[in-house]
>>> print(open('run_10.txt').read())   # compact mmCIF, C-alpha atoms and all ligand atoms
# COMPACT_ATOMS: atom_id res chain seq x y z
CA MET A 1 129.77 112.93 91.30
CA ARG A 2 130.58 109.20 91.48
CA VAL A 3 131.60 107.77 88.10
CA LEU A 4 132.29 104.15 87.12
CA VAL A 5 134.58 103.69 84.11
CA ILE A 6 134.11 100.21 82.68
CA GLY A 7 137.38 99.19 81.01
CA GLY A 8 139.19 101.78 83.12
CA SER A 9 142.45 99.82 82.85
CA GLY A 10 142.47 100.07 79.02
CA VAL A 11 144.09 102.48 76.57
CA VAL A 12 141.34 105.12 76.74
CA GLY A 13 139.66 104.05 80.00
CA ARG A 14 142.75 104.86 82.07
CA PRO A 15 143.16 108.50 80.93
CA THR A 16 139.38 108.95 81.22
CA ALA A 17 139.43 107.79 84.85
CA SER A 18 142.47 109.96 85.48
CA ALA A 19 140.86 113.10 83.97
CA LEU A 20 137.69 112.59 86.03
CA SER A 21 139.65 112.00 89.22
CA GLN A 22 141.77 115.12 88.65
CA ARG A 23 138.55 117.15 88.27
CA GLY A 24 137.51 116.08 91.77
CA HIS A 25 135.04 113.29 90.94
CA GLN A 26 134.89 110.05 92.91
CA VAL A 27 136.05 107.49 90.33
CA ALA A 28 135.84 103.70 90.24
CA ILE A 29 136.98 101.44 87.42
CA LEU A 30 135.91 97.92 86.48
CA SER A 31 137.64 95.28 84.37
CA ARG A 32 137.72 91.48 84.20
CA GLY A 33 141.25 91.52 85.61
CA GLY A 34 140.35 93.90 88.46
CA THR A 35 143.52 95.81 87.54
CA ALA A 36 144.32 98.91 89.60
CA GLY A 37 143.48 102.20 87.89
CA PRO A 38 145.13 105.62 88.13
CA ALA A 39 145.97 107.03 91.58
CA GLY A 40 142.90 107.92 93.61
CA THR A 41 140.54 105.51 91.85
CA GLU A 42 138.90 102.39 93.25
CA ALA A 43 139.18 99.12 91.27
CA PHE A 44 136.45 96.49 90.87
CA GLN A 45 136.57 93.13 89.17
CA GLY A 46 133.64 92.31 86.89
CA ASP A 47 132.58 91.11 83.48
CA LEU A 48 130.13 92.86 81.16
CA THR A 49 129.45 89.62 79.28
CA THR A 50 128.01 87.92 82.37
CA GLY A 51 127.11 90.83 84.65
CA ALA A 52 129.37 89.48 87.40
CA GLY A 53 130.55 92.19 89.78
CA LEU A 54 128.45 94.93 88.20
CA GLU A 55 125.82 95.32 90.90
CA LYS A 56 128.49 95.97 93.53
CA ALA A 57 130.46 98.35 91.31
CA LEU A 58 127.34 100.33 90.25
CA ALA A 59 126.13 101.01 93.80
CA GLY A 60 125.92 104.78 94.39
CA VAL A 61 127.14 105.60 90.87
CA ASP A 62 125.75 108.69 89.09
CA CYS A 63 127.32 108.11 85.68
CA VAL A 64 128.77 105.01 83.99
CA VAL A 65 131.27 105.33 81.11
CA ASP A 66 131.69 102.25 78.91
CA CYS A 67 135.29 101.99 77.65
CA ALA A 68 135.34 98.19 77.43
CA ASN A 69 136.33 96.47 74.23
CA VAL A 70 136.30 93.19 72.34
CA THR A 71 138.91 92.18 69.79
CA THR A 72 137.17 90.78 66.72
CA THR A 73 136.70 91.44 63.03
CA SER A 74 133.59 89.23 62.89
CA ARG A 75 130.42 91.20 62.29
CA SER A 76 128.19 88.75 64.18
CA ALA A 77 130.58 88.49 67.15
CA ALA A 78 130.91 92.29 67.35
CA VAL A 79 127.15 92.90 67.10
CA ARG A 80 126.45 90.21 69.70
CA TYR A 81 129.08 91.50 72.15
CA PHE A 82 128.22 95.21 71.90
CA THR A 83 124.44 94.69 71.89
CA ASP A 84 124.38 92.20 74.76
CA THR A 85 126.84 94.04 77.00
CA THR A 86 125.23 97.45 76.42
CA HIS A 87 121.76 96.11 77.11
CA ARG A 88 122.96 94.31 80.27
CA LEU A 89 124.80 97.41 81.51
CA GLY A 90 121.74 99.61 80.88
CA VAL A 91 119.40 97.33 82.81
CA LEU A 92 121.77 96.93 85.77
CA ALA A 93 122.62 100.65 85.80
CA ALA A 94 118.93 101.61 85.79
CA ALA A 95 118.28 99.24 88.70
CA ALA A 96 121.14 100.91 90.60
CA GLY A 97 119.71 104.41 89.98
CA VAL A 98 122.46 105.53 87.57
CA LYS A 99 121.42 108.72 85.74
CA HIS A 100 123.76 108.80 82.74
CA HIS A 101 125.22 106.10 80.44
CA VAL A 102 128.18 107.24 78.32
CA VAL A 103 129.42 105.22 75.33
CA LEU A 104 132.62 105.85 73.37
CA SER A 105 132.11 105.07 69.70
CA ILE A 106 134.05 105.61 66.48
CA VAL A 107 133.84 108.28 63.78
CA GLY A 108 132.30 106.76 60.63
CA VAL A 109 130.59 103.72 62.19
CA ASP A 110 127.47 104.52 60.16
CA LYS A 111 129.45 104.71 56.89
CA ILE A 112 132.14 102.00 57.14
CA PRO A 113 130.84 98.41 56.79
CA PHE A 114 133.66 96.68 58.78
CA GLY A 115 132.27 93.98 61.10
CA TYR A 116 133.63 95.73 64.20
CA HIS A 117 132.11 99.07 63.15
CA VAL A 118 128.70 97.45 62.59
CA GLY A 119 128.97 96.20 66.18
CA LYS A 120 129.76 99.70 67.46
CA LEU A 121 126.76 101.13 65.60
CA ALA A 122 124.59 98.46 67.24
CA GLN A 123 126.07 99.53 70.59
CA GLU A 124 125.10 103.17 69.95
CA GLN A 125 121.55 102.12 69.11
CA ALA A 126 121.30 99.85 72.17
CA ALA A 127 122.51 102.63 74.49
CA LEU A 128 120.16 105.26 73.04
CA ALA A 129 117.22 102.85 73.32
CA GLY A 130 118.21 101.76 76.84
CA PRO A 131 116.59 102.64 80.16
CA VAL A 132 119.28 105.14 81.26
CA PRO A 133 119.63 108.49 79.41
CA ALA A 134 122.72 108.12 77.23
CA THR A 135 125.41 110.13 75.48
CA ILE A 136 127.43 108.80 72.53
CA LEU A 137 130.81 110.35 71.79
CA ARG A 138 132.58 109.30 68.58
CA ALA A 139 136.36 109.56 68.24
CA THR A 140 138.81 108.63 65.50
CA GLN A 141 141.48 105.97 66.11
CA PHE A 142 143.95 106.75 68.88
CA HIS A 143 147.68 107.35 68.30
CA GLU A 144 148.04 104.16 70.35
CA PHE A 145 145.90 102.21 67.80
CA ALA A 146 148.93 101.41 65.60
CA GLY A 147 150.64 99.56 68.46
CA GLN A 148 147.38 97.85 69.48
CA THR A 149 146.87 96.56 65.93
CA MET A 150 150.49 95.37 65.61
CA ASN A 151 150.06 93.32 68.80
CA GLN A 152 146.65 91.91 67.89
CA MET A 153 147.69 90.86 64.36
CA LYS A 154 150.99 89.23 65.36
CA PHE A 155 151.94 85.90 63.84
CA GLY A 156 155.29 84.75 65.20
CA ARG A 157 157.86 87.40 64.26
CA PHE A 158 155.48 89.09 61.81
CA SER A 159 152.53 91.47 62.13
CA VAL A 160 149.83 92.01 59.53
CA VAL A 161 149.42 95.74 58.99
CA PRO A 162 146.03 96.66 57.49
CA GLN A 163 145.81 99.58 55.07
CA MET A 164 143.62 102.39 56.33
CA VAL A 165 143.40 106.17 56.33
CA THR A 166 142.76 107.85 59.67
CA GLN A 167 143.23 111.14 61.50
CA PRO A 168 144.41 109.83 64.86
CA ILE A 169 143.89 111.49 68.22
CA ALA A 170 145.66 110.93 71.54
CA ALA A 171 143.73 108.67 73.92
CA ALA A 172 144.42 111.25 76.66
CA GLU A 173 142.54 113.87 74.65
CA VAL A 174 139.58 111.52 74.17
CA GLY A 175 139.66 110.86 77.94
CA ALA A 176 139.39 114.61 78.60
CA ALA A 177 136.52 114.85 76.09
CA LEU A 178 134.74 111.97 77.85
CA ALA A 179 135.16 113.80 81.17
CA ASP A 180 133.46 116.84 79.55
CA VAL A 181 130.60 114.58 78.41
CA VAL A 182 130.17 113.18 81.92
CA GLU A 183 129.96 116.67 83.40
CA ASP A 184 127.55 117.93 80.72
CA GLY A 185 124.92 115.24 81.45
CA PRO A 186 122.88 113.17 78.97
CA ARG A 187 122.79 114.66 75.46
CA GLY A 188 122.22 111.78 73.00
CA ARG A 189 124.78 111.93 70.18
CA VAL A 190 127.34 114.73 70.55
CA ALA A 191 129.74 116.20 68.00
CA GLU A 192 132.58 113.92 67.01
CA THR A 193 136.01 114.39 68.59
CA TRP A 194 138.21 115.12 65.64
CA PRO A 195 141.91 115.56 66.43
CA THR A 196 142.62 118.60 68.60
CA CYS A 197 138.88 119.12 69.18
CA ARG A 198 137.12 118.75 72.52
CA ALA A 199 133.57 117.50 73.01
CA ARG A 200 132.39 120.92 74.21
CA SER A 201 133.88 122.88 71.31
CA SER A 202 133.96 120.61 68.25
CA SER A 203 131.33 120.84 65.60
CA SER A 204 133.27 120.43 62.37
CA ARG A 205 136.16 118.57 60.78
CA PRO A 206 139.57 120.20 60.63
CA SER A 207 140.48 121.20 57.09
N1 LIG B 301 141.48 101.99 70.04
C1 LIG B 301 141.01 102.98 69.28
O1 LIG B 301 141.73 103.56 68.43
C2 LIG B 301 139.58 103.45 69.47
C3 LIG B 301 139.13 104.58 68.75
C4 LIG B 301 137.80 105.03 68.97
C5 LIG B 301 136.98 104.36 69.86
N2 LIG B 301 137.47 103.26 70.54
C6 LIG B 301 136.58 102.58 71.47
O2 LIG B 301 137.10 102.74 72.77
C7 LIG B 301 136.72 101.61 73.58
C8 LIG B 301 137.94 101.14 74.35
O3 LIG B 301 138.97 100.81 73.43
P1 LIG B 301 140.48 100.60 73.94
O4 LIG B 301 141.31 100.56 72.71
O5 LIG B 301 140.80 101.56 75.03
O6 LIG B 301 140.36 99.11 74.53
P2 LIG B 301 141.46 98.30 75.39
O7 LIG B 301 142.73 99.05 75.54
O8 LIG B 301 141.48 96.93 74.77
O9 LIG B 301 140.78 98.21 76.84
C9 LIG B 301 139.64 97.46 77.06
C10 LIG B 301 139.28 97.56 78.52
O10 LIG B 301 138.04 96.86 78.73
C11 LIG B 301 138.21 95.84 79.72
N3 LIG B 301 137.31 94.76 79.32
C12 LIG B 301 137.36 94.00 78.20
N4 LIG B 301 136.33 93.12 78.18
C13 LIG B 301 135.60 93.37 79.30
C14 LIG B 301 134.43 92.79 79.86
N5 LIG B 301 133.80 91.77 79.24
N6 LIG B 301 133.95 93.26 81.03
C15 LIG B 301 134.58 94.29 81.67
N7 LIG B 301 135.70 94.88 81.20
C16 LIG B 301 136.21 94.42 80.04
C17 LIG B 301 139.72 95.50 79.65
O11 LIG B 301 140.24 94.93 80.85
P3 LIG B 301 140.21 93.32 81.08
O12 LIG B 301 140.81 92.72 79.85
O13 LIG B 301 140.98 93.11 82.35
O14 LIG B 301 138.77 92.99 81.24
C18 LIG B 301 140.29 96.91 79.45
O15 LIG B 301 140.29 97.61 80.69
C19 LIG B 301 136.15 100.55 72.62
O16 LIG B 301 134.75 100.51 72.75
C20 LIG B 301 136.54 101.07 71.23
O17 LIG B 301 135.57 100.75 70.25
C21 LIG B 301 138.73 102.80 70.38
>>> encode(input="run_10.txt", output="structure tokens")
Amino acid sequence: MRVLVIGGSGVVGRPTASALSQRGHQVAILSRGGTAGPAGTEAFQGDLTTGAGLEKALAGVDCVVDCANVTTTSRSAAVRYFTDTTHRLGVLAAAAGVKHHVVLSIVGVDKIPFGYHVGKLAQEQAALAGPVPATILRATQFHEFAGQTMNQMKFGRFSVVPQMVTQPIAAAEVGAALADVVEDGPRGRVAETWPTCRARSSSSRPS
């Protein structure tokens, strides 16, 4: 099938595009920078916040996977970004005849009141209420998250390191789980991808 990975140049978007391409799917990626994706994928430039470039990138697409991101700790900014972009993507995807809208979310978004998590929960709700049948996959933080946070919270020579407890998972493993979700078709909310678990097999936390 033809799959568009939005944010396919990012930490989890790239391995997702790569896994889908290796399974024989026709894969395109979209980002604001129009950055090239993994070998064998087609790159589009576009912006989820304005809708620019989306119509062209969505043409002929069967499934769209949203791996885009915004860097903010503000609850209102996160809710606005994830609600607006998910709604816009749903409407444009429906108009293009897309049959499946996949969203990557985070384990615990319904229990942890961080501003960013509230935004991700709003994204889940917007996708499930949208015009294209959706699947939500939740993952824990990636192994790569530590480096991402160090870079985002850098002040001169120093980085602010927040205290948190997490069971990290490799972004490559989440990419493979997202490829499973794409192939399985729309299923609403699926089991969470705990470390070492795959979307098709996970139903419980590791002990
Ligand atoms: N990081 C984690 O540990 C973690 C854990 C669980 C779930 N998640 C979820 O996974 C998703 C991706 O996270 P990530 O860490 O892989 O993000 P990332 O590395 O920051 O990548 C974000 C991607 O989205 C693109 N992008 C950003 N704004 C965009 C826009 N307005 N329109 C189109 N493309 C845009 C970026 O490219 P350009 O900048 O060129 O546009 C990039 O390709 C997020 O929704 C996040 O909540 C992350």
>>> closest_residue(input="run_10.txt", among="A:Pro15, A:Gly156, A:Gly8, A:Gly60", to="A:Glu42", atoms="only C-alpha atoms")
A:Gly8
>>> axis_aligned_box(input="run_10.txt", around="ligand LIG 301 (chain B)", padding_each_side="8 Å", output="AutoDock Vina command-line options")
--center_x 138.3 --center_y 98.4 --center_z 75.4 --size_x 24.9 --size_y 29.3 --size_z 29.9
>>> residues_near_ligand(input="run_10.txt", ligand="ligand LIG 301 (chain B)", cutoff="8 Å", atoms="only C-alpha atoms and all ligand atoms", output="PyMOL selection string")
chain A and resi 6-14+30-35+45-50+66-71+85+103-107+120+138-145+148+168+171
>>> atom_distance(input="run_10.txt", atom1="atom CA of A:Arg189", atom2="atom CA of A:Ile136")
4.7 Å
>>> atom_distance(input="run_10.txt", atom1="atom CA of A:Val27", atom2="atom CA of A:Glu124")
23.5 Å
>>> residues_around(input="run_10.txt", residues="stretch 126-130 of chain A", least_positions_apart="2", cutoff="10 Å", atoms="all atoms listed in the file", output="PyMOL selection string")
chain A and resi 82-91+94+101-103+120-124+132-136+188-189
>>> closest_residue(input="run_10.txt", among="A:Gly37, A:Val3, A:Gly97, A:Leu58", to="A:His25", atoms="all atoms listed in the file")
A:Val3
>>> atom_distance(input="run_10.txt", atom1="atom CA of A:Ala19", atom2="atom CA of A:Thr41")
10.9 Å
>>> closest_residue(input="run_10.txt", among="A:Lys56, A:Arg2, A:Asp62, A:Pro38", to="A:Val98", atoms="only C-alpha atoms")
A:Asp62
>>> closest_residue(input="run_10.txt", among="A:Thr16, A:Gln152, A:Gln22, A:Gln163", to="A:Thr72", atoms="only C-alpha atoms")
A:Gln152
>>> residues_around(input="run_10.txt", residues="A:Phe114", least_positions_apart="2", cutoff="9 Å", atoms="all atoms listed in the file", output="number ranges by chain")
A: 73-75, 109, 112, 116-119
>>> write_last_selection(input="run_10.txt", atoms="C-alpha atoms", output="PDB file, keeping the file's coordinate frame")
ATOM      1  CA  THR A  73     136.700  91.440  63.030  1.00  0.00           C
ATOM      2  CA  SER A  74     133.590  89.230  62.890  1.00  0.00           C
ATOM      3  CA  ARG A  75     130.420  91.200  62.290  1.00  0.00           C
ATOM      4  CA  VAL A 109     130.590 103.720  62.190  1.00  0.00           C
ATOM      5  CA  ILE A 112     132.140 102.000  57.140  1.00  0.00           C
ATOM      6  CA  TYR A 116     133.630  95.730  64.200  1.00  0.00           C
ATOM      7  CA  HIS A 117     132.110  99.070  63.150  1.00  0.00           C
ATOM      8  CA  VAL A 118     128.700  97.450  62.590  1.00  0.00           C
ATOM      9  CA  GLY A 119     128.970  96.200  66.180  1.00  0.00           C
TER      10      GLY A 119
END
>>> closest_residue(input="run_10.txt", among="A:Ala77, A:Cys63, A:Lys111, A:Leu137", to="A:Val174", atoms="only C-alpha atoms")
A:Leu137
>>> residues_around(input="run_10.txt", residues="A:Thr149", least_positions_apart="3", cutoff="9 Å", atoms="all atoms listed in the file", output="PyMOL selection string")
chain A and resi 144-146+152-154+159-162
